[in-house]
Amino acid sequence: MTLAGLPIGNGDDAPPRLLRALGHAQLIAAEDTRRLRRFAARAELRLGGEAGARVVSYYDANESRRAEELLSELRGGRDVLLVTDAGMPGVSDPGYRLVAACADAGVPVTAIPGPTAATTALVLSGLPTDRFCFEGFPPRKGRRSYFADLAGERRTMVFFESTHRLAATLTAMAEGFGPDRRAAVCRELTKTYEEVRRAPLGELAEWARGEVRGEITVVVAGAAP
């Protein structure tokens with residue numbers, strides 16, 4: 001099986017190896033088949049070349065069931081190319097269950113490395129990068145206690161968040177970590193309207209009460225020693 005990372009925003013970031021893999025694939029498991037086909041059309045690429053590739057959906061709701069089907073294909077000697085909407089499969093996206101199943105079954109897994117918003121935002125944040133942890137999406141409920149438990153974490157922390165929950169999350173972060181904790185909100189990375197806003201959490205929480213659009217990654221400094 002091959003994991004393939006798709007660009008997180010700018011299609012020009014697609015490496016030649018990814019385009020070759022998409023052009024030669026027989027079976028592609030995609031988080032959103034329509035988005036994959038739009039990406040291929042923009043890249044002027046035919047999935048699977050002249051023979052055409054079989055494209056199946058692989059997303060959160062069907063991941064467990066589809067993993068068994070794909071594992072059966074792999075055991076039969078057919079390669080599977082796994083892609084998600086953007087970034088690397090398995091990083092807050094489907095992929096973990098299939099990789100774990102392949103590992104248990106002794107099926108080889110490789111990867112075509114691609115970008116992820118987590119490390120892209122980290123290096124743009126201006127915060128320490130020598131030690132960091134990725135926390136994914138914060139819970140929808142119990143944010144205050146969740147961030148209070150992380151208040152002593154000394155590594156730089158990276159979070160994903162949706163636009164309509166951003167203000168509430170930043171407010172809870174300011175309460176749990178303190179309003180003066182340094183942070184950065186990274187929006188629309190690699191896209192036309194990319195923005196990196198660096199400020200203490202208290203200021204960012206106030207700013208986020210206005211209209212904020214796009215894909216969001218939040219980077220927060222670790223606790224002082």
# chains A, B, ... in the order shown; residues from 1 in each chain; ligands from 1
>>> residues_around(residues="Leu204 in chain A", least_positions_apart="5", cutoff="12 Å", atoms="only C-alpha atoms", output="list in words")
Leu166, Ala167, Ala168, Thr169, Leu170, Thr171, Ala172, Met173, Ala174, Pro179, Asp180, Arg181, Arg182, Ala183, Ala184, Val185, Cys186, Val196, Arg197, Arg198, Ala199, Arg209, Gly210, Val212, Val218, Val219 and Val220 of chain A
>>> write_last_selection(atoms="C-alpha atoms", output="mmCIF file, in the first residue's frame")
data_model
loop_
_atom_site.group_PDB
_atom_site.id
_atom_site.type_symbol
_atom_site.label_atom_id
_atom_site.label_comp_id
_atom_site.auth_asym_id
_atom_site.auth_seq_id
_atom_site.Cartn_x
_atom_site.Cartn_y
_atom_site.Cartn_z
ATOM 1 C CA LEU A 166 -12.211 29.237 16.769
ATOM 2 C CA ALA A 167 -13.311 32.094 19.042
ATOM 3 C CA ALA A 168 -14.571 29.750 21.772
ATOM 4 C CA THR A 169 -11.416 27.647 21.570
ATOM 5 C CA LEU A 170 -9.068 30.637 21.791
ATOM 6 C CA THR A 171 -11.054 31.980 24.757
ATOM 7 C CA ALA A 172 -10.754 28.614 26.517
ATOM 8 C CA MET A 173 -7.030 28.537 25.698
ATOM 9 C CA ALA A 174 -6.568 32.009 27.194
ATOM 10 C CA PRO A 179 -3.992 35.369 28.238
ATOM 11 C CA ASP A 180 -0.309 36.284 27.846
ATOM 12 C CA ARG A 181 0.776 32.895 26.426
ATOM 13 C CA ARG A 182 2.261 33.417 22.961
ATOM 14 C CA ALA A 183 0.420 31.841 20.057
ATOM 15 C CA ALA A 184 -0.206 32.055 16.323
ATOM 16 C CA VAL A 185 -3.307 31.484 14.235
ATOM 17 C CA CYS A 186 -2.403 30.293 10.744
ATOM 18 C CA VAL A 196 -0.346 34.169 10.080
ATOM 19 C CA ARG A 197 -1.453 36.237 13.079
ATOM 20 C CA ARG A 198 0.983 36.142 16.004
ATOM 21 C CA ALA A 199 -0.147 37.545 19.371
ATOM 22 C CA ARG A 209 -14.807 37.263 17.626
ATOM 23 C CA GLY A 210 -14.965 38.857 14.197
ATOM 24 C CA VAL A 212 -12.563 34.474 10.347
ATOM 25 C CA VAL A 218 -3.383 27.192 15.962
ATOM 26 C CA VAL A 219 0.126 27.040 17.418
ATOM 27 C CA VAL A 220 0.646 27.728 21.137
#
>>> select_by_dssp(residues="range 25-211 of chain A", states="strand (DSSP E or B)", output="PyMOL selection string")
chain A and resi 27-30+54-57+81-83+87+110-112+132-136+156-161+182-187+195-200
>>> write_last_selection(atoms="N, CA and C atoms", output="mmCIF file, in the first residue's frame")
data_model
loop_
_atom_site.group_PDB
_atom_site.id
_atom_site.type_symbol
_atom_site.label_atom_id
_atom_site.label_comp_id
_atom_site.auth_asym_id
_atom_site.auth_seq_id
_atom_site.Cartn_x
_atom_site.Cartn_y
_atom_site.Cartn_z
ATOM 1 N N LEU A 27 -5.933 1.173 -8.177
ATOM 2 C CA LEU A 27 -6.992 1.335 -7.181
ATOM 3 C C LEU A 27 -6.614 2.486 -6.251
ATOM 4 N N ILE A 28 -7.478 3.490 -6.180
ATOM 5 C CA ILE A 28 -7.236 4.653 -5.338
ATOM 6 C C ILE A 28 -8.359 4.748 -4.299
ATOM 7 N N ALA A 29 -7.967 4.831 -3.035
ATOM 8 C CA ALA A 29 -8.929 5.056 -1.948
ATOM 9 C C ALA A 29 -8.811 6.526 -1.563
ATOM 10 N N ALA A 30 -9.900 7.275 -1.717
ATOM 11 C CA ALA A 30 -9.867 8.718 -1.526
ATOM 12 C C ALA A 30 -10.890 9.149 -0.479
ATOM 13 N N ARG A 54 -9.624 2.548 -10.637
ATOM 14 C CA ARG A 54 -10.840 2.386 -9.850
ATOM 15 C C ARG A 54 -10.682 3.273 -8.613
ATOM 16 N N VAL A 55 -11.640 4.148 -8.381
ATOM 17 C CA VAL A 55 -11.572 5.080 -7.267
ATOM 18 C C VAL A 55 -12.713 4.773 -6.297
ATOM 19 N N VAL A 56 -12.371 4.524 -5.035
ATOM 20 C CA VAL A 56 -13.385 4.232 -4.026
ATOM 21 C C VAL A 56 -13.249 5.243 -2.881
ATOM 22 N N SER A 57 -14.341 5.429 -2.169
ATOM 23 C CA SER A 57 -14.328 6.379 -1.055
ATOM 24 C C SER A 57 -13.741 5.732 0.194
ATOM 25 N N LEU A 81 -3.493 2.931 -3.541
ATOM 26 C CA LEU A 81 -2.982 4.276 -3.293
ATOM 27 C C LEU A 81 -4.007 5.008 -2.433
ATOM 28 N N LEU A 82 -3.606 5.411 -1.228
ATOM 29 C CA LEU A 82 -4.526 6.061 -0.292
ATOM 30 C C LEU A 82 -4.236 7.549 -0.231
ATOM 31 N N VAL A 83 -5.248 8.376 -0.502
ATOM 32 C CA VAL A 83 -5.100 9.827 -0.443
ATOM 33 C C VAL A 83 -6.263 10.416 0.366
ATOM 34 N N GLY A 87 -2.995 17.103 2.568
ATOM 35 C CA GLY A 87 -2.051 16.666 3.589
ATOM 36 C C GLY A 87 -1.876 15.166 3.615
ATOM 37 N N THR A 110 4.272 1.901 2.204
ATOM 38 C CA THR A 110 5.236 2.963 1.958
ATOM 39 C C THR A 110 4.481 4.274 1.824
ATOM 40 N N ALA A 111 5.213 5.379 1.663
ATOM 41 C CA ALA A 111 4.575 6.687 1.602
ATOM 42 C C ALA A 111 5.264 7.585 0.597
ATOM 43 N N ILE A 112 4.446 8.401 -0.056
ATOM 44 C CA ILE A 112 4.955 9.506 -0.866
ATOM 45 C C ILE A 112 4.789 10.742 0.014
ATOM 46 N N PHE A 132 7.908 19.771 19.898
ATOM 47 C CA PHE A 132 6.507 20.150 19.727
ATOM 48 C C PHE A 132 5.634 18.905 19.788
ATOM 49 N N CYS A 133 4.334 19.119 19.984
ATOM 50 C CA CYS A 133 3.379 18.016 19.979
ATOM 51 C C CYS A 133 2.154 18.433 19.177
ATOM 52 N N PHE A 134 1.562 17.475 18.498
ATOM 53 C CA PHE A 134 0.381 17.722 17.686
ATOM 54 C C PHE A 134 -0.835 17.194 18.440
ATOM 55 N N GLU A 135 -1.797 18.074 18.711
ATOM 56 C CA GLU A 135 -2.975 17.710 19.506
ATOM 57 C C GLU A 135 -4.236 17.541 18.665
ATOM 58 N N GLY A 136 -4.172 17.810 17.358
ATOM 59 C CA GLY A 136 -5.347 17.641 16.516
ATOM 60 C C GLY A 136 -6.449 18.622 16.873
ATOM 61 N N THR A 156 5.953 23.165 22.311
ATOM 62 C CA THR A 156 5.029 23.936 21.488
ATOM 63 C C THR A 156 3.895 23.020 21.040
ATOM 64 N N MET A 157 2.670 23.501 21.118
ATOM 65 C CA MET A 157 1.499 22.686 20.810
ATOM 66 C C MET A 157 0.830 23.158 19.526
ATOM 67 N N VAL A 158 0.403 22.196 18.702
ATOM 68 C CA VAL A 158 -0.240 22.500 17.427
ATOM 69 C C VAL A 158 -1.650 21.897 17.440
ATOM 70 N N PHE A 159 -2.634 22.713 17.076
ATOM 71 C CA PHE A 159 -4.032 22.289 17.066
ATOM 72 C C PHE A 159 -4.662 22.630 15.716
ATOM 73 N N PHE A 160 -5.647 21.828 15.325
ATOM 74 C CA PHE A 160 -6.534 22.184 14.220
ATOM 75 C C PHE A 160 -7.836 22.697 14.823
ATOM 76 N N GLU A 161 -8.525 23.591 14.120
ATOM 77 C CA GLU A 161 -9.832 24.044 14.598
ATOM 78 C C GLU A 161 -10.655 24.560 13.421
ATOM 79 N N ARG A 182 2.068 33.125 24.378
ATOM 80 C CA ARG A 182 2.261 33.417 22.961
ATOM 81 C C ARG A 182 1.624 32.344 22.085
ATOM 82 N N ALA A 183 1.082 32.780 20.957
ATOM 83 C CA ALA A 183 0.420 31.841 20.057
ATOM 84 C C ALA A 183 0.382 32.431 18.649
ATOM 85 N N ALA A 184 -0.038 31.612 17.705
ATOM 86 C CA ALA A 184 -0.206 32.055 16.323
ATOM 87 C C ALA A 184 -1.400 31.334 15.718
ATOM 88 N N VAL A 185 -2.209 32.069 15.006
ATOM 89 C CA VAL A 185 -3.307 31.484 14.235
ATOM 90 C C VAL A 185 -2.907 31.545 12.767
ATOM 91 N N CYS A 186 -2.826 30.387 12.139
ATOM 92 C CA CYS A 186 -2.403 30.293 10.744
ATOM 93 C C CYS A 186 -3.614 29.914 9.898
ATOM 94 N N ARG A 187 -3.913 30.732 8.920
ATOM 95 C CA ARG A 187 -5.143 30.576 8.140
ATOM 96 C C ARG A 187 -4.830 30.444 6.654
ATOM 97 N N GLU A 195 -2.630 33.783 5.887
ATOM 98 C CA GLU A 195 -2.421 34.772 6.949
ATOM 99 C C GLU A 195 -1.879 34.075 8.186
ATOM 100 N N VAL A 196 -0.870 34.654 8.809
ATOM 101 C CA VAL A 196 -0.346 34.169 10.080
ATOM 102 C C VAL A 196 -0.435 35.324 11.070
ATOM 103 N N ARG A 197 -1.262 35.185 12.075
ATOM 104 C CA ARG A 197 -1.453 36.237 13.079
ATOM 105 C C ARG A 197 -0.804 35.782 14.386
ATOM 106 N N ARG A 198 0.231 36.480 14.798
ATOM 107 C CA ARG A 198 0.983 36.142 16.004
ATOM 108 C C ARG A 198 0.664 37.144 17.101
ATOM 109 N N ALA A 199 0.224 36.656 18.264
ATOM 110 C CA ALA A 199 -0.147 37.545 19.371
ATOM 111 C C ALA A 199 -0.386 36.705 20.612
ATOM 112 N N PRO A 200 -0.472 37.311 21.793
ATOM 113 C CA PRO A 200 -0.872 36.562 22.988
ATOM 114 C C PRO A 200 -2.290 36.009 22.819
#
>>> select_by_dssp(residues="range 34-221 of chain A", states="alpha helix (DSSP H)", output="PyMOL selection string")
chain A and resi 34-42+63-75+96-105+117-125+143-150+166-177+201-207
>>> atom_distance(atom1="CA of Ala223 in chain A", atom2="CA of Leu201 in chain A")
13.1 Å
>>> residues_around(residues="Arg154 in chain A", least_positions_apart="5", cutoff="9 Å", atoms="only C-alpha atoms", output="ChimeraX atom specification")
/A:131-132,221-225
>>> closest_residue(among="A:Pro128, A:Gly202, A:Pro115, A:Pro108", to="Asn10 in chain A", atoms="only C-alpha atoms")
A:Pro115
